[in-house]
Amino acid sequence: MYFQLVNRKKRCLTLDLKQAAGVSAFMRLVATADVILEGFRPGVGDKLGIGCQAVCAINPRIVYCAIIGYEAVNFSVLRHD
């Protein structure tokens, strides 16, 4: 019941961003979005083609927020995806 209360009138969507069709669908959504919130490791969004520069090229007014859940000291030791 909590999930239903918190997410009322929201829609969910799953995209495979490793496939061209998933990236294409994501970019179509970006065109009308206000905010992008992502939690990838540093550089993964760019590697997938959905990084800040790619998103801002389609929608320059978008707010792009990248949340990193690791200490930003040595990214080479991160092993999560």
# chains A, B, ... in the order shown; residues from 1 in each chain; ligands from 1
>>> residues_around(residues="region 7-17 of chain A", least_positions_apart="5", cutoff="8 Å", atoms="only C-alpha atoms", output="list in words")
Gly22, Val23, Ala25, Phe26 and Leu48 of chain A
>>> select_by_dssp(residues="chain A", states="strand (DSSP E)", output="PDB file with N, CA and C atoms, in the first residue's frame")
ATOM      1  N   VAL A  35      13.740  16.674 -15.605  1.00  0.00           N
ATOM      2  CA  VAL A  35      14.852  16.255 -14.749  1.00  0.00           C
ATOM      3  C   VAL A  35      15.279  14.842 -15.119  1.00  0.00           C
ATOM      4  N   ILE A  36      16.589  14.607 -15.135  1.00  0.00           N
ATOM      5  CA  ILE A  36      17.151  13.261 -15.251  1.00  0.00           C
ATOM      6  C   ILE A  36      17.931  13.018 -13.966  1.00  0.00           C
ATOM      7  N   LEU A  37      17.652  11.908 -13.313  1.00  0.00           N
ATOM      8  CA  LEU A  37      18.353  11.520 -12.099  1.00  0.00           C
ATOM      9  C   LEU A  37      18.953  10.150 -12.352  1.00  0.00           C
ATOM     10  N   GLU A  38      20.289  10.048 -12.314  1.00  0.00           N
ATOM     11  CA  GLU A  38      20.945   8.766 -12.588  1.00  0.00           C
ATOM     12  C   GLU A  38      21.912   8.415 -11.484  1.00  0.00           C
ATOM     13  N   VAL A  63      17.472  19.468 -16.155  1.00  0.00           N
ATOM     14  CA  VAL A  63      18.304  19.385 -14.951  1.00  0.00           C
ATOM     15  C   VAL A  63      18.830  17.961 -14.890  1.00  0.00           C
ATOM     16  N   TYR A  64      20.149  17.805 -14.985  1.00  0.00           N
ATOM     17  CA  TYR A  64      20.777  16.484 -15.006  1.00  0.00           C
ATOM     18  C   TYR A  64      21.484  16.290 -13.673  1.00  0.00           C
ATOM     19  N   CYS A  65      21.061  15.299 -12.913  1.00  0.00           N
ATOM     20  CA  CYS A  65      21.636  15.043 -11.595  1.00  0.00           C
ATOM     21  C   CYS A  65      22.216  13.634 -11.564  1.00  0.00           C
ATOM     22  N   ALA A  66      23.513  13.545 -11.288  1.00  0.00           N
ATOM     23  CA  ALA A  66      24.192  12.253 -11.171  1.00  0.00           C
ATOM     24  C   ALA A  66      24.547  12.029  -9.705  1.00  0.00           C
TER      25      ALA A  66
END
>>> select_by_dssp(residues="chain A", states="alpha helix (DSSP H)", output="PDB file with N, CA, C and O atoms, in the first residue's frame")
ATOM      1  N   TYR A   2       1.992   1.231   0.702  1.00  0.00           N
ATOM      2  CA  TYR A   2       2.882   2.393   0.732  1.00  0.00           C
ATOM      3  C   TYR A   2       3.358   2.747  -0.673  1.00  0.00           C
ATOM      4  O   TYR A   2       3.347   3.914  -1.061  1.00  0.00           O
ATOM      5  N   PHE A   3       3.771   1.727  -1.446  1.00  0.00           N
ATOM      6  CA  PHE A   3       4.236   1.965  -2.813  1.00  0.00           C
ATOM      7  C   PHE A   3       3.155   2.646  -3.638  1.00  0.00           C
ATOM      8  O   PHE A   3       3.418   3.578  -4.385  1.00  0.00           O
ATOM      9  N   GLN A   4       1.920   2.194  -3.497  1.00  0.00           N
ATOM     10  CA  GLN A   4       0.818   2.779  -4.249  1.00  0.00           C
ATOM     11  C   GLN A   4       0.568   4.232  -3.841  1.00  0.00           C
ATOM     12  O   GLN A   4       0.258   5.068  -4.683  1.00  0.00           O
ATOM     13  N   LEU A   5       0.708   4.541  -2.568  1.00  0.00           N
ATOM     14  CA  LEU A   5       0.497   5.907  -2.097  1.00  0.00           C
ATOM     15  C   LEU A   5       1.594   6.848  -2.594  1.00  0.00           C
ATOM     16  O   LEU A   5       1.329   7.944  -3.061  1.00  0.00           O
ATOM     17  N   VAL A   6       2.834   6.406  -2.503  1.00  0.00           N
ATOM     18  CA  VAL A   6       3.962   7.250  -2.880  1.00  0.00           C
ATOM     19  C   VAL A   6       4.054   7.430  -4.393  1.00  0.00           C
ATOM     20  O   VAL A   6       4.479   8.475  -4.877  1.00  0.00           O
ATOM     21  N   ALA A  20      20.533  -0.167 -28.828  1.00  0.00           N
ATOM     22  CA  ALA A  20      20.260   1.095 -29.527  1.00  0.00           C
ATOM     23  C   ALA A  20      18.799   1.520 -29.383  1.00  0.00           C
ATOM     24  O   ALA A  20      18.499   2.709 -29.233  1.00  0.00           O
ATOM     25  N   ALA A  21      17.888   0.564 -29.402  1.00  0.00           N
ATOM     26  CA  ALA A  21      16.465   0.885 -29.262  1.00  0.00           C
ATOM     27  C   ALA A  21      16.158   1.481 -27.893  1.00  0.00           C
ATOM     28  O   ALA A  21      15.330   2.390 -27.768  1.00  0.00           O
ATOM     29  N   GLY A  22      16.826   0.987 -26.853  1.00  0.00           N
ATOM     30  CA  GLY A  22      16.636   1.523 -25.507  1.00  0.00           C
ATOM     31  C   GLY A  22      17.153   2.941 -25.383  1.00  0.00           C
ATOM     32  O   GLY A  22      16.504   3.802 -24.786  1.00  0.00           O
ATOM     33  N   VAL A  23      18.319   3.201 -25.956  1.00  0.00           N
ATOM     34  CA  VAL A  23      18.893   4.550 -25.928  1.00  0.00           C
ATOM     35  C   VAL A  23      18.014   5.501 -26.728  1.00  0.00           C
ATOM     36  O   VAL A  23      17.754   6.632 -26.301  1.00  0.00           O
ATOM     37  N   SER A  24      17.523   5.055 -27.861  1.00  0.00           N
ATOM     38  CA  SER A  24      16.646   5.880 -28.688  1.00  0.00           C
ATOM     39  C   SER A  24      15.357   6.245 -27.939  1.00  0.00           C
ATOM     40  O   SER A  24      14.923   7.398 -27.959  1.00  0.00           O
ATOM     41  N   ALA A  25      14.753   5.276 -27.272  1.00  0.00           N
ATOM     42  CA  ALA A  25      13.539   5.537 -26.485  1.00  0.00           C
ATOM     43  C   ALA A  25      13.841   6.500 -25.347  1.00  0.00           C
ATOM     44  O   ALA A  25      13.056   7.409 -25.064  1.00  0.00           O
ATOM     45  N   PHE A  26      14.987   6.331 -24.682  1.00  0.00           N
ATOM     46  CA  PHE A  26      15.392   7.218 -23.603  1.00  0.00           C
ATOM     47  C   PHE A  26      15.524   8.653 -24.115  1.00  0.00           C
ATOM     48  O   PHE A  26      15.041   9.597 -23.492  1.00  0.00           O
ATOM     49  N   MET A  27      16.154   8.827 -25.259  1.00  0.00           N
ATOM     50  CA  MET A  27      16.352  10.173 -25.805  1.00  0.00           C
ATOM     51  C   MET A  27      15.035  10.815 -26.234  1.00  0.00           C
ATOM     52  O   MET A  27      14.879  12.030 -26.129  1.00  0.00           O
ATOM     53  N   ARG A  28      14.084  10.019 -26.682  1.00  0.00           N
ATOM     54  CA  ARG A  28      12.759  10.577 -26.991  1.00  0.00           C
ATOM     55  C   ARG A  28      12.092  11.088 -25.720  1.00  0.00           C
ATOM     56  O   ARG A  28      11.430  12.135 -25.736  1.00  0.00           O
ATOM     57  N   LEU A  29      12.274  10.386 -24.619  1.00  0.00           N
ATOM     58  CA  LEU A  29      11.724  10.830 -23.335  1.00  0.00           C
ATOM     59  C   LEU A  29      12.443  12.082 -22.830  1.00  0.00           C
ATOM     60  O   LEU A  29      11.830  12.969 -22.245  1.00  0.00           O
ATOM     61  N   VAL A  30      13.746  12.156 -23.058  1.00  0.00           N
ATOM     62  CA  VAL A  30      14.554  13.300 -22.637  1.00  0.00           C
ATOM     63  C   VAL A  30      14.037  14.593 -23.255  1.00  0.00           C
ATOM     64  O   VAL A  30      14.054  15.649 -22.627  1.00  0.00           O
ATOM     65  N   VAL A  44      29.795   5.834 -16.827  1.00  0.00           N
ATOM     66  CA  VAL A  44      28.925   4.820 -17.420  1.00  0.00           C
ATOM     67  C   VAL A  44      27.854   5.467 -18.295  1.00  0.00           C
ATOM     68  O   VAL A  44      27.558   4.983 -19.381  1.00  0.00           O
ATOM     69  N   GLY A  45      27.280   6.579 -17.847  1.00  0.00           N
ATOM     70  CA  GLY A  45      26.278   7.272 -18.662  1.00  0.00           C
ATOM     71  C   GLY A  45      26.845   7.704 -19.995  1.00  0.00           C
ATOM     72  O   GLY A  45      26.205   7.542 -21.043  1.00  0.00           O
ATOM     73  N   ASP A  46      28.066   8.232 -19.989  1.00  0.00           N
ATOM     74  CA  ASP A  46      28.715   8.624 -21.240  1.00  0.00           C
ATOM     75  C   ASP A  46      28.980   7.407 -22.120  1.00  0.00           C
ATOM     76  O   ASP A  46      28.794   7.455 -23.335  1.00  0.00           O
ATOM     77  N   LYS A  47      29.403   6.309 -21.507  1.00  0.00           N
ATOM     78  CA  LYS A  47      29.685   5.077 -22.255  1.00  0.00           C
ATOM     79  C   LYS A  47      28.419   4.540 -22.932  1.00  0.00           C
ATOM     80  O   LYS A  47      28.473   4.051 -24.056  1.00  0.00           O
ATOM     81  N   LEU A  48      27.280   4.703 -22.265  1.00  0.00           N
ATOM     82  CA  LEU A  48      26.009   4.239 -22.825  1.00  0.00           C
ATOM     83  C   LEU A  48      25.427   5.221 -23.844  1.00  0.00           C
ATOM     84  O   LEU A  48      24.472   4.900 -24.539  1.00  0.00           O
ATOM     85  N   CYS A  52      25.510  13.501 -19.641  1.00  0.00           N
ATOM     86  CA  CYS A  52      25.017  14.868 -19.537  1.00  0.00           C
ATOM     87  C   CYS A  52      25.116  15.621 -20.859  1.00  0.00           C
ATOM     88  O   CYS A  52      24.167  16.301 -21.269  1.00  0.00           O
ATOM     89  N   GLN A  53      26.217  15.521 -21.551  1.00  0.00           N
ATOM     90  CA  GLN A  53      26.384  16.260 -22.805  1.00  0.00           C
ATOM     91  C   GLN A  53      25.405  15.786 -23.867  1.00  0.00           C
ATOM     92  O   GLN A  53      24.822  16.596 -24.588  1.00  0.00           O
ATOM     93  N   ALA A  54      25.196  14.486 -23.970  1.00  0.00           N
ATOM     94  CA  ALA A  54      24.256  13.943 -24.962  1.00  0.00           C
ATOM     95  C   ALA A  54      22.825  14.363 -24.639  1.00  0.00           C
ATOM     96  O   ALA A  54      22.053  14.726 -25.536  1.00  0.00           O
ATOM     97  N   VAL A  55      22.477  14.322 -23.356  1.00  0.00           N
ATOM     98  CA  VAL A  55      21.131  14.698 -22.931  1.00  0.00           C
ATOM     99  C   VAL A  55      20.898  16.195 -23.141  1.00  0.00           C
ATOM    100  O   VAL A  55      19.862  16.610 -23.660  1.00  0.00           O
ATOM    101  N   CYS A  56      21.878  17.018 -22.762  1.00  0.00           N
ATOM    102  CA  CYS A  56      21.733  18.470 -22.898  1.00  0.00           C
ATOM    103  C   CYS A  56      21.729  18.918 -24.351  1.00  0.00           C
ATOM    104  O   CYS A  56      21.185  19.978 -24.667  1.00  0.00           O
ATOM    105  N   ALA A  57      22.293  18.127 -25.247  1.00  0.00           N
ATOM    106  CA  ALA A  57      22.240  18.456 -26.673  1.00  0.00           C
ATOM    107  C   ALA A  57      20.809  18.339 -27.197  1.00  0.00           C
ATOM    108  O   ALA A  57      20.412  19.062 -28.101  1.00  0.00           O
ATOM    109  N   ILE A  58      20.023  17.453 -26.614  1.00  0.00           N
ATOM    110  CA  ILE A  58      18.636  17.268 -27.024  1.00  0.00           C
ATOM    111  C   ILE A  58      17.703  18.219 -26.279  1.00  0.00           C
ATOM    112  O   ILE A  58      16.775  18.767 -26.863  1.00  0.00           O
TER     113      ILE A  58
END
>>> atom_distance(atom1="CA of Ala31 (chain A)", atom2="CA of Gly69 (chain A)")
27.2 Å
>>> atom_distance(atom1="CA of Ile50 (chain A)", atom2="CA of Gln19 (chain A)")
11.9 Å
